[in-house]
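input-v3.cif (mmCIF, C-alpha atoms and all ligand atoms)
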data_start
#
loop_
_atom_site.label_atom_id
_atom_site.label_comp_id
_atom_site.auth_asym_id
_atom_site.auth_seq_id
_atom_site.Cartn_x
_atom_site.Cartn_y
_atom_site.Cartn_z
CA MET A 145 0.00 0.00 0.00
CA LYS A 146 2.88 2.34 0.77
CA GLU A 147 3.98 1.76 -2.78
CA LEU A 148 0.70 3.31 -3.97
CA ILE A 149 1.41 6.39 -1.87
CA ASP A 150 4.91 6.58 -3.37
CA ARG A 151 3.46 6.29 -6.85
CA LEU A 152 0.96 9.07 -6.12
CA ALA A 153 3.82 11.25 -4.88
CA VAL A 154 5.65 10.78 -8.19
CA ASN A 155 2.85 10.61 -10.78
CA HIS A 156 0.28 12.77 -8.96
CA SER A 157 -2.52 10.46 -10.01
CA LEU A 158 -3.98 7.06 -9.27
CA THR A 159 -6.71 4.98 -10.89
CA ARG A 160 -10.11 4.33 -9.34
CA GLU A 161 -9.04 0.80 -8.41
CA GLU A 162 -5.91 2.05 -6.70
CA LEU A 163 -7.81 4.73 -4.81
CA HIS A 164 -10.32 2.10 -3.74
CA ARG A 165 -7.56 -0.04 -2.27
CA LEU A 166 -6.16 2.91 -0.35
CA LEU A 167 -9.50 4.04 1.02
CA GLU A 168 -10.98 0.63 1.83
CA GLN A 169 -9.67 0.43 5.40
CA PRO A 170 -6.56 2.56 5.75
CA GLU A 171 -4.55 1.53 8.78
CA ALA A 172 -3.00 4.11 11.06
CA SER A 173 0.48 3.31 9.76
CA LEU A 174 -0.60 3.97 6.17
CA ARG A 175 -2.27 7.24 7.12
CA GLU A 176 0.88 8.31 8.93
CA TYR A 177 3.02 7.41 5.96
CA ALA A 178 0.76 9.40 3.62
CA ALA A 179 0.91 12.40 5.98
CA LEU A 180 4.71 12.19 6.06
CA ARG A 181 5.00 12.12 2.27
CA ALA A 182 2.39 14.87 1.91
CA ARG A 183 4.22 17.05 4.42
CA GLU A 184 7.45 16.59 2.47
CA GLN A 185 5.62 17.70 -0.65
CA THR A 186 4.16 20.79 1.04
CA LEU A 187 7.59 21.63 2.41
CA ARG A 188 9.14 21.48 -1.07
CA CYS A 189 6.51 23.80 -2.55
CA PHE A 190 5.82 26.19 0.31
CA GLY A 191 8.34 25.67 3.09
CA LYS A 192 6.81 25.96 6.54
CA ARG A 193 4.77 28.97 5.50
CA ILE A 194 1.03 29.06 6.07
CA TYR A 195 -1.17 31.44 4.08
CA ILE A 196 -4.11 33.10 5.74
CA ARG A 197 -7.39 34.35 4.26
CA GLY A 198 -9.88 36.56 6.04
CA LEU A 199 -13.33 35.04 5.70
CA ILE A 200 -16.19 37.53 5.55
CA GLU A 201 -19.53 35.77 5.75
CA PHE A 202 -21.55 38.66 4.39
CA THR A 203 -25.02 37.15 4.08
CA ASN A 204 -26.62 33.99 5.41
CA VAL A 205 -29.70 34.36 3.23
CA CYS A 206 -29.90 31.55 0.68
CA LYS A 207 -32.42 30.55 -1.95
CA ASN A 208 -31.14 26.96 -1.99
CA ASP A 209 -32.36 24.15 0.20
CA CYS A 210 -29.37 21.78 0.49
CA TYR A 211 -30.34 19.03 2.93
CA TYR A 212 -27.11 19.28 4.94
CA CYS A 213 -26.80 23.02 5.38
CA GLY A 214 -28.09 25.05 8.31
CA LEU A 215 -28.56 28.08 6.05
CA ARG A 216 -31.02 26.22 3.81
CA ARG A 217 -34.06 28.21 2.77
CA SER A 218 -36.46 25.98 4.73
CA ASN A 219 -34.67 26.50 8.03
CA SER A 220 -36.98 29.07 9.56
CA LEU A 221 -35.04 28.93 12.84
CA CYS A 222 -32.00 30.52 11.21
CA ARG A 223 -31.72 34.20 12.11
CA ARG A 224 -30.94 35.87 8.81
CA TYR A 225 -28.59 38.82 8.30
CA ARG A 226 -26.95 40.80 5.53
CA LEU A 227 -23.90 42.97 6.02
CA THR A 228 -23.92 46.43 4.47
CA GLU A 229 -21.14 47.60 2.19
CA THR A 230 -19.87 49.71 5.10
CA ASP A 231 -19.78 46.64 7.39
CA ILE A 232 -17.88 44.67 4.78
CA LEU A 233 -15.32 47.40 4.19
CA ALA A 234 -14.82 47.69 7.95
CA CYS A 235 -14.06 43.94 8.05
CA CYS A 236 -11.48 44.41 5.28
CA GLU A 237 -9.98 47.41 7.10
CA GLN A 238 -9.56 45.38 10.26
CA GLY A 239 -8.32 42.38 8.33
CA TYR A 240 -5.71 44.45 6.56
CA ARG A 241 -4.38 45.71 9.89
CA LEU A 242 -4.19 42.12 11.11
CA GLY A 243 -2.05 41.12 8.13
CA PHE A 244 -4.65 39.60 5.81
CA ARG A 245 -3.97 40.11 2.09
CA THR A 246 -6.83 37.97 0.84
CA PHE A 247 -10.46 38.64 1.61
CA VAL A 248 -12.95 35.88 0.99
CA LEU A 249 -16.50 37.12 0.52
CA GLN A 250 -18.70 34.17 1.21
CA GLY A 251 -22.46 34.12 1.32
CA GLY A 252 -25.58 32.20 0.56
CA GLU A 253 -27.17 32.57 -2.86
CA ASP A 254 -28.93 35.74 -1.78
CA GLY A 255 -30.99 37.61 -4.37
CA GLY A 256 -30.80 40.62 -2.02
CA PHE A 257 -27.34 41.31 -3.41
CA SER A 258 -27.64 41.93 -7.13
CA ASP A 259 -24.79 40.92 -9.43
CA ALA A 260 -24.13 44.60 -10.03
CA THR A 261 -23.90 45.25 -6.27
CA LEU A 262 -21.38 42.44 -5.90
CA CYS A 263 -19.32 43.81 -8.79
CA ARG A 264 -19.31 47.25 -7.22
CA LEU A 265 -18.27 45.77 -3.91
CA VAL A 266 -15.36 43.92 -5.52
CA GLU A 267 -14.28 47.09 -7.34
CA THR A 268 -14.37 49.10 -4.14
CA ILE A 269 -12.35 46.55 -2.17
CA LYS A 270 -9.78 46.21 -4.97
CA SER A 271 -9.36 49.97 -5.23
CA ARG A 272 -9.02 50.48 -1.46
CA PHE A 273 -6.74 47.46 -0.98
CA PRO A 274 -4.83 47.19 -4.25
CA ASP A 275 -2.30 44.74 -2.81
CA CYS A 276 -5.01 42.29 -1.74
CA ALA A 277 -6.70 39.41 -3.51
CA VAL A 278 -10.47 39.10 -3.47
CA THR A 279 -12.05 35.66 -3.45
CA LEU A 280 -15.75 35.24 -4.08
CA SER A 281 -17.79 32.33 -2.82
CA VAL A 282 -21.38 33.05 -3.75
CA GLY A 283 -22.50 29.89 -5.47
CA GLU A 284 -23.84 29.15 -8.91
CA ARG A 285 -24.19 31.93 -11.49
CA SER A 286 -24.26 32.21 -15.25
CA ARG A 287 -21.01 32.39 -17.14
CA ALA A 288 -21.73 36.01 -18.05
CA VAL A 289 -22.11 36.94 -14.38
CA TYR A 290 -18.88 35.13 -13.46
CA GLN A 291 -17.19 37.08 -16.24
CA SER A 292 -18.52 40.35 -14.79
CA PHE A 293 -17.16 39.42 -11.33
CA PHE A 294 -13.79 38.72 -12.93
CA ASP A 295 -13.84 41.97 -14.88
CA ALA A 296 -14.65 43.80 -11.64
CA GLY A 297 -11.35 42.48 -10.28
CA ALA A 298 -12.19 39.31 -8.37
CA ASP A 299 -9.15 37.04 -8.40
CA ARG A 300 -10.44 33.75 -7.10
CA TYR A 301 -13.64 31.77 -6.66
CA LEU A 302 -14.55 29.02 -4.23
CA LEU A 303 -17.25 26.56 -5.18
CA ARG A 304 -17.04 23.07 -3.82
CA HIS A 305 -18.41 20.36 -6.04
CA GLU A 306 -19.62 18.71 -2.76
CA THR A 307 -19.83 15.27 -4.42
CA ALA A 308 -18.86 14.38 -7.97
CA ASP A 309 -21.40 11.57 -8.31
CA SER A 310 -24.67 12.87 -9.80
CA GLU A 311 -26.90 10.42 -8.01
CA HIS A 312 -25.27 11.12 -4.68
CA TYR A 313 -25.44 14.85 -5.47
CA SER A 314 -29.23 14.53 -5.87
CA ARG A 315 -29.51 12.93 -2.45
CA LEU A 316 -27.80 15.96 -0.90
CA HIS A 317 -29.43 18.70 -2.96
CA PRO A 318 -33.06 19.05 -4.09
CA GLU A 319 -33.84 20.19 -7.62
CA PRO A 320 -33.03 22.33 -9.46
CA LEU A 321 -29.45 21.80 -8.21
CA SER A 322 -27.43 19.20 -10.10
CA ALA A 323 -23.87 17.92 -10.24
CA LYS A 324 -23.82 18.71 -13.94
CA GLU A 325 -24.62 22.37 -13.44
CA ARG A 326 -22.16 22.62 -10.56
CA LYS A 327 -19.40 21.26 -12.78
CA ARG A 328 -20.43 23.61 -15.59
CA CYS A 329 -19.91 26.50 -13.17
CA LEU A 330 -16.48 25.22 -12.18
CA TYR A 331 -15.26 24.85 -15.77
CA ASP A 332 -16.61 28.30 -16.69
CA LEU A 333 -14.82 29.87 -13.72
CA LYS A 334 -11.56 28.23 -14.70
CA GLU A 335 -11.85 29.22 -18.35
CA ILE A 336 -12.58 32.82 -17.40
CA GLY A 337 -9.30 32.94 -15.53
CA PHE A 338 -10.19 32.71 -11.85
CA GLN A 339 -7.99 30.75 -9.50
CA VAL A 340 -10.65 28.21 -8.61
CA GLY A 341 -11.21 26.27 -5.43
CA SER A 342 -13.32 23.14 -5.26
CA GLY A 343 -13.73 20.28 -2.85
CA PHE A 344 -16.15 17.94 -1.17
CA LEU A 345 -17.79 16.85 2.04
CA VAL A 346 -16.32 13.84 3.80
CA GLY A 347 -18.82 11.44 5.34
CA SER A 348 -21.93 13.13 4.02
CA PRO A 349 -25.06 10.97 4.26
CA TYR A 350 -25.17 8.04 1.80
CA GLN A 351 -21.53 8.56 0.78
CA THR A 352 -19.61 5.43 -0.26
CA ILE A 353 -15.91 4.85 -0.86
CA ASP A 354 -16.66 4.79 -4.55
CA HIS A 355 -18.07 8.32 -4.27
CA LEU A 356 -14.87 9.47 -2.60
CA CYS A 357 -12.87 7.90 -5.44
CA SER A 358 -15.03 9.86 -7.90
CA ASP A 359 -14.33 13.05 -5.95
CA ILE A 360 -10.58 12.53 -6.12
CA LEU A 361 -10.75 11.57 -9.79
CA PHE A 362 -12.84 14.63 -10.58
CA LEU A 363 -10.25 16.85 -8.91
CA GLN A 364 -7.42 15.04 -10.74
CA GLU A 365 -9.17 15.96 -13.98
CA PHE A 366 -10.31 19.46 -13.07
CA LYS A 367 -7.04 20.50 -11.42
CA PRO A 368 -8.29 23.28 -9.17
CA GLN A 369 -5.83 25.77 -7.72
CA MET A 370 -7.43 25.39 -4.28
CA ILE A 371 -8.99 22.36 -2.63
CA GLY A 372 -11.14 22.55 0.49
CA ILE A 373 -12.55 19.47 2.12
CA GLY A 374 -14.11 18.95 5.51
CA PRO A 375 -16.18 16.42 7.41
CA PHE A 376 -19.94 16.65 7.16
CA ILE A 377 -21.26 17.87 10.53
CA PRO A 378 -24.98 17.64 11.26
CA HIS A 379 -27.15 20.68 11.89
CA ARG A 380 -30.14 19.84 14.04
CA ASP A 381 -32.61 21.93 12.03
CA THR A 382 -31.95 20.17 8.72
CA PRO A 383 -33.22 16.86 7.31
CA PHE A 384 -29.75 15.40 8.00
CA GLY A 385 -29.78 16.47 11.64
CA SER A 386 -29.47 12.95 13.01
CA PHE A 387 -26.78 11.60 10.69
CA PRO A 388 -23.36 11.05 12.27
CA PRO A 389 -20.51 13.44 11.46
CA GLY A 390 -17.82 12.50 8.94
CA ASP A 391 -14.65 10.79 10.10
CA LEU A 392 -11.79 13.13 10.95
CA GLU A 393 -8.99 10.63 10.44
CA LEU A 394 -10.35 9.85 7.00
CA THR A 395 -10.49 13.58 6.28
CA PHE A 396 -6.81 13.99 7.18
CA PHE A 397 -5.90 10.98 5.06
CA LEU A 398 -7.76 12.52 2.13
CA VAL A 399 -5.94 15.82 2.68
CA SER A 400 -2.66 13.90 2.36
CA LEU A 401 -3.76 12.11 -0.82
CA LEU A 402 -4.95 15.40 -2.32
CA ARG A 403 -1.65 17.08 -1.45
CA LEU A 404 0.25 14.29 -3.20
CA ALA A 405 -2.01 14.54 -6.25
CA HIS A 406 -1.84 18.36 -6.31
CA PRO A 407 1.65 19.34 -5.07
CA ASN A 408 1.25 23.11 -5.32
CA ALA A 409 -2.47 23.48 -4.62
CA LEU A 410 -3.65 25.73 -1.81
CA ILE A 411 -5.32 23.42 0.67
CA PRO A 412 -6.97 24.90 3.76
CA ALA A 413 -7.21 23.35 7.17
CA THR A 414 -10.96 23.99 7.16
CA THR A 415 -13.19 25.30 9.92
CA ALA A 416 -15.03 21.97 9.98
CA VAL A 417 -11.91 20.03 11.02
CA GLY A 418 -11.23 22.65 13.69
CA SER A 419 -14.83 22.35 14.86
CA LEU A 420 -14.69 18.57 15.35
CA ALA A 421 -11.39 18.47 17.23
CA GLU A 422 -9.47 20.97 19.30
CA ASN A 423 -6.26 20.28 17.38
CA GLY A 424 -8.00 19.60 14.05
CA ARG A 425 -6.41 22.54 12.27
CA GLU A 426 -2.90 21.46 13.30
CA CYS A 427 -3.57 17.86 12.28
CA ALA A 428 -4.74 19.01 8.83
CA ILE A 429 -1.56 21.05 8.38
CA LEU A 430 0.55 18.09 9.44
CA ALA A 431 -1.38 16.05 6.87
CA GLY A 432 -0.49 18.47 4.07
CA ALA A 433 -2.72 21.57 4.32
CA ASN A 434 -1.09 25.00 3.96
CA VAL A 435 -3.85 27.60 4.37
CA VAL A 436 -6.09 28.75 7.20
CA MET A 437 -9.11 30.98 6.83
CA PRO A 438 -9.89 32.77 10.09
CA ASN A 439 -13.27 34.38 10.55
CA LEU A 440 -13.31 38.10 9.87
CA SER A 441 -17.08 38.55 10.05
CA PRO A 442 -18.51 40.92 12.66
CA PRO A 443 -18.61 38.87 15.89
CA VAL A 444 -22.32 39.57 16.45
CA HIS A 445 -23.22 37.64 13.32
CA ARG A 446 -20.77 34.74 13.57
CA GLY A 447 -23.17 32.49 15.43
CA ASP A 448 -25.80 33.00 12.74
CA TYR A 449 -23.62 31.66 9.94
CA ALA A 450 -24.31 28.18 11.21
CA LEU A 451 -23.68 25.79 8.33
CA TYR A 452 -23.63 23.09 11.03
CA ASN A 453 -23.89 22.95 14.82
CA ASN A 454 -20.92 23.91 17.00
CA LYS A 455 -19.14 25.67 14.14
CA LEU A 456 -15.95 27.13 15.50
CA SER A 457 -15.59 30.90 15.32
CA ASP A 458 -13.56 31.82 18.37
CA GLY A 459 -10.02 31.21 19.57
CA ALA A 460 -7.51 30.90 16.74
CA GLU A 461 -10.45 30.71 14.31
CA ALA A 462 -11.22 34.40 15.00
CA ALA A 463 -9.25 36.77 12.78
CA GLU A 464 -8.69 39.17 15.66
CA SER A 465 -6.79 36.42 17.48
CA ARG A 466 -3.92 36.41 14.97
CA ALA A 467 -1.39 36.17 17.80
CA LEU A 468 -3.04 33.01 19.09
CA LEU A 469 -3.07 31.49 15.62
CA ASP A 470 0.59 32.38 15.14
CA ALA A 471 1.48 30.78 18.46
CA ARG A 472 -0.44 27.60 17.71
CA LEU A 473 1.17 27.20 14.33
CA ALA A 474 4.60 28.04 15.74
CA ALA A 475 4.08 25.21 18.22
CA ILE A 476 4.04 22.75 15.30
CA GLY A 477 6.89 24.50 13.51
CA TYR A 478 4.98 26.65 11.01
CA GLU A 479 4.72 30.40 10.49
CA VAL A 480 1.93 32.60 9.19
CA VAL A 481 2.95 34.86 6.32
CA VAL A 482 1.56 38.22 5.26
CA ASP A 483 1.10 37.52 1.57
CA ARG A 484 -1.66 37.19 -1.01
CA GLY A 485 -0.62 33.56 -1.36
CA ASP A 486 -1.48 33.18 -5.02
CA TYR A 487 -1.36 29.87 -6.81
CA ILE A 488 1.96 29.49 -8.60
CA GLU A 489 2.27 27.22 -11.60
CA ARG A 490 5.36 25.03 -11.24
N1 LIG B 1 -21.18 20.13 7.44
C1 LIG B 1 -19.98 20.39 6.90
N2 LIG B 1 -19.80 21.28 5.92
C2 LIG B 1 -20.88 21.93 5.46
N3 LIG B 1 -21.02 22.84 4.49
C3 LIG B 1 -22.31 23.20 4.41
N4 LIG B 1 -23.03 22.53 5.32
C4 LIG B 1 -22.17 21.72 5.98
C5 LIG B 1 -22.30 20.77 7.00
N5 LIG B 1 -23.48 20.48 7.56
C6 LIG B 1 -19.91 23.25 3.62
C7 LIG B 1 -20.22 22.98 2.15
C8 LIG B 1 -20.09 24.33 1.51
C9 LIG B 1 -19.23 25.09 2.49
C10 LIG B 1 -19.38 26.56 2.44
O1 LIG B 1 -19.67 24.62 3.75
O2 LIG B 1 -19.26 22.06 1.62
O3 LIG B 1 -19.49 24.29 0.23
#
Let me see whether you can do it: turn the structure in this file into structure tokens.
Amino acid sequence: MKELIDRLAVNHSLTREELHRLLEQPEASLREYAALRAREQTLRCFGKRIYIRGLIEFTNVCKNDCYYCGLRRSNSLCRRYRLTETDILACCEQGYRLGFRTFVLQGGEDGGFSDATLCRLVETIKSRFPDCAVTLSVGERSRAVYQSFFDAGADRYLLRHETADSEHYSRLHPEPLSAKERKRCLYDLKEIGFQVGSGFLVGSPYQTIDHLCSDILFLQEFKPQMIGIGPFIPHRDTPFGSFPPGDLELTFFLVSLLRLAHPNALIPATTAVGSLAENGRECAILAGANVVMPNLSPPVHRGDYALYNNKLSDGAEAAESRALLDARLAAIGYEVVVDRGDYIER
């Protein structure tokens, strides 16, 4: 099995059968070996430097009804909010002072923000913070709208494919959402010129090992610049409220495999891994991740951006606690850098 890991480290790809063998029942020793090789790979590409992104969750209003997500339209218990342009700029201002050079504007698919409003917002942020990158994460749009975001100056776009298998996708998302349309969005974003981030949920309801193989194979083909994965975590006010959370060890193993398949990709230690375990973020970094995305949203609203229950937003997850984050990463031998942290073709 170690030989498969070695092969992945050299060729950066495996077949479905090979992935199956790795994921069937990975023993601790195999997972450790993968983490070691992945860490070597990260070290070669990035050194012990961790990039940070300030996450601004600017609206939790969403027209979609994804069965797993606490922000789904049908969740009437969710207290909805929208930040104003002034609020958002204040977040950027504070983030800039804290050393952030990438702002991620993430929100539900909220018709309350028109495409033109979002373009204006991007233009304003880019003109006030010309040395910063702007990442958008606002879901599915037409190609023309993506182009207008890009023309407004947005540098990057995050849109997880969630699951690459269309049937499984339909069990997680009601119509009209489809895996096909999601992939269309991803290819359009890439062709337009965005640095694109994709990724999937680990341990979402009904997921099989074969689905995970499809996820890895899809990413091998799509070659995103950024890859974010995290365990599914139930939210009590959703139809998936009583499903168990995804497995953390499996998530770390997948981070390692993805690092080996995508040597220079930007891979975050996601909030979900930090939410399931106190040292989750550190474990993800030691498994091959090289990005963290602290929360830069106004503290009063953080609790309302509840994708799942017990979502972490304090401690080192809070942007204002940069010093704490620095100390925690220093404890495992890594340092946070003040840098846009763009994807670099090698
Ligand atoms: N558990 C884990 N991750 C979730 N997301 C949404 N709901 C959940 C959940 N219950 C993730 C999705 C989405 C990202 C913003 O948050 O993968 O792409």
Checklist entry - Hey, what's within 6 Å of Phe247 in chain A if we count only C-alpha atoms and toss same-chain stuff fewer than 5 positions away? As a count of residues only, please? => result 3
Each residue of chain A with at least one atom at most 9 Å from ligand LIG 1 (chain B) should appear once, together with its nearest atom pair and the corresponding distance in Å (one decimal); atoms considered: only C-alpha atoms and all ligand atoms; ordering: chain, then increasing residue number; output as a Markdown table.
| residue | atom | partner | partner_atom | distance |
| --- | --- | --- | --- | --- |
| A:Cys210 | CA | B:LIG1 | N4 | 8.0 |
| A:Tyr211 | CA | B:LIG1 | N5 | 8.4 |
| A:Tyr212 | CA | B:LIG1 | N5 | 4.6 |
| A:Cys213 | CA | B:LIG1 | N4 | 3.8 |
| A:Gly214 | CA | B:LIG1 | N4 | 6.4 |
| A:Leu215 | CA | B:LIG1 | N4 | 7.9 |
| A:Arg216 | CA | B:LIG1 | N4 | 8.9 |
| A:Gln250 | CA | B:LIG1 | C10 | 7.7 |
| A:Gly251 | CA | B:LIG1 | C10 | 8.2 |
| A:Gly252 | CA | B:LIG1 | C10 | 8.6 |
| A:Ser281 | CA | B:LIG1 | C10 | 8.0 |
| A:Gly283 | CA | B:LIG1 | O3 | 8.5 |
| A:Leu302 | CA | B:LIG1 | O3 | 8.2 |
| A:Leu303 | CA | B:LIG1 | O3 | 6.3 |
| A:Arg304 | CA | B:LIG1 | O3 | 4.9 |
| A:His305 | CA | B:LIG1 | O3 | 7.5 |
| A:Glu306 | CA | B:LIG1 | O2 | 5.5 |
| A:Ser342 | CA | B:LIG1 | O3 | 8.3 |
| A:Gly343 | CA | B:LIG1 | O2 | 7.3 |
| A:Phe344 | CA | B:LIG1 | O2 | 5.9 |
| A:Leu345 | CA | B:LIG1 | O2 | 5.4 |
| A:Val346 | CA | B:LIG1 | C1 | 8.1 |
| A:Ser348 | CA | B:LIG1 | N1 | 7.8 |
| A:Gly372 | CA | B:LIG1 | O2 | 8.2 |
| A:Ile373 | CA | B:LIG1 | O2 | 7.2 |
| A:Gly374 | CA | B:LIG1 | N2 | 6.2 |
| A:Pro375 | CA | B:LIG1 | C1 | 5.5 |
| A:Phe376 | CA | B:LIG1 | N1 | 3.7 |
| A:Ile377 | CA | B:LIG1 | N1 | 3.8 |
| A:Pro378 | CA | B:LIG1 | N5 | 4.9 |
| A:His379 | CA | B:LIG1 | N5 | 5.7 |
| A:Thr382 | CA | B:LIG1 | N5 | 8.6 |
| A:Phe384 | CA | B:LIG1 | N5 | 8.1 |
| A:Gly385 | CA | B:LIG1 | N5 | 8.5 |
| A:Pro389 | CA | B:LIG1 | N1 | 7.8 |
| A:Gly390 | CA | B:LIG1 | C1 | 8.4 |
| A:Thr415 | CA | B:LIG1 | N2 | 8.7 |
| A:Ala416 | CA | B:LIG1 | C1 | 6.0 |
| A:Ala450 | CA | B:LIG1 | N4 | 8.3 |
| A:Leu451 | CA | B:LIG1 | N4 | 4.5 |
| A:Tyr452 | CA | B:LIG1 | N5 | 4.3 |
| A:Asn453 | CA | B:LIG1 | N5 | 7.7 |
| A:Lys455 | CA | B:LIG1 | N1 | 8.9 |
Checklist entry - So how many Å separate CA of Gln339 in chain A and CA of Tyr301 in chain A, to one decimal? => result 6.4 Å
Item to check | A:Asp295, A:Asp275, A:Ile353, A:Asp332 ranked by distance to Thr307 in chain A, top pick (using all atoms listed in the file) | outcome: A:Ile353
Next on the checklist: Quick one: residues within 10 Å of Asp354 in chain A, only C-alpha atoms, excluding same-chain residues fewer than 5 positions away - as a list in words?
Outcome noted: Arg160, Glu161, Leu163, His164, Leu167, Glu168, Asp309, Asp359 and Ile360 of chain A
Next on the checklist: Could you check the closest approach to Ala179 in chain A for each of A:Gly243, A:Gly432, A:Gly256, A:Gly337 and tell me which residue wins, using all atoms listed in the file?
Outcome noted: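 Smallest distance to Ala179 in chain A is found for A:Gly432.
CA of Gln369 in chain A to CA of Cys235 in chain A spans 25.4 Å [interatomic distance, one decimal].
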Checklist outcome for this item: Residue with the minimum atom-to-atom distance to Ser419 in chain A, picked from A:Ala431, A:Leu392, A:Ile371, A:Leu402 with only C-alpha atoms counted, is A:Leu392
Item to check | Given all atoms listed in the file as the counted atoms, nearest of A:Thr395, A:Ser220, A:Gln185, A:Thr352 to Arg425 in chain A | outcome: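 The closest residue to Arg425 in chain A is A:Thr395.
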Checklist entry - Distance CA of Ala409 in chain A-CA of Arg264 in chain A, one decimal place? => result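 A separation of 29.2 Å between them.
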Checklist entry - Any idea what's packed within 12 Å of Leu152 in chain A, counting all atoms listed in the file, ignoring anything in its chain fewer than 3 positions away? Could you give it as a ChimeraX atom specification? => result /A:145-149,155-159,162-163,166,178,181-182,185,364,400-407
Item to check | For Gly297 in chain A, the nearest of the candidates A:Arg490, A:Arg241, A:Lys270, A:Arg183, counting all atoms listed in the file | outcome: A:Lys270
Next on the checklist: Can you tell me which residues surround Leu233 in chain A at a distance of at most 12 Å, considering only C-alpha atoms, apart from same-chain residues fewer than 4 positions away, and format the answer as a list in words?
Outcome noted: Ile200, Phe202, Leu227, Thr228, Glu229, Glu237, Gln238, Gly239, Tyr240, Phe247, Leu249, Leu265, Val266, Glu267, Thr268, Ile269, Lys270, Ser271, Arg272, Phe273, Leu440, Ser441 and Pro442 of chain A
Next on the checklist: Report as a count of residues only all protein, DNA and RNA residues lying within 9 Å of Asp483 in chain A, evaluated on all atoms listed in the file, omitting residues in the same chain fewer than 6 positions from it.
Outcome noted: 7
Next on the checklist: Measuring between only C-alpha atoms, which one of A:Val399, A:Ala323, A:Ala298, A:Cys222 shows the shortest distance to Gly447 in chain A?
Outcome noted: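 Of the candidates, the smallest distance to Gly447 in chain A is held by A:Cys222.
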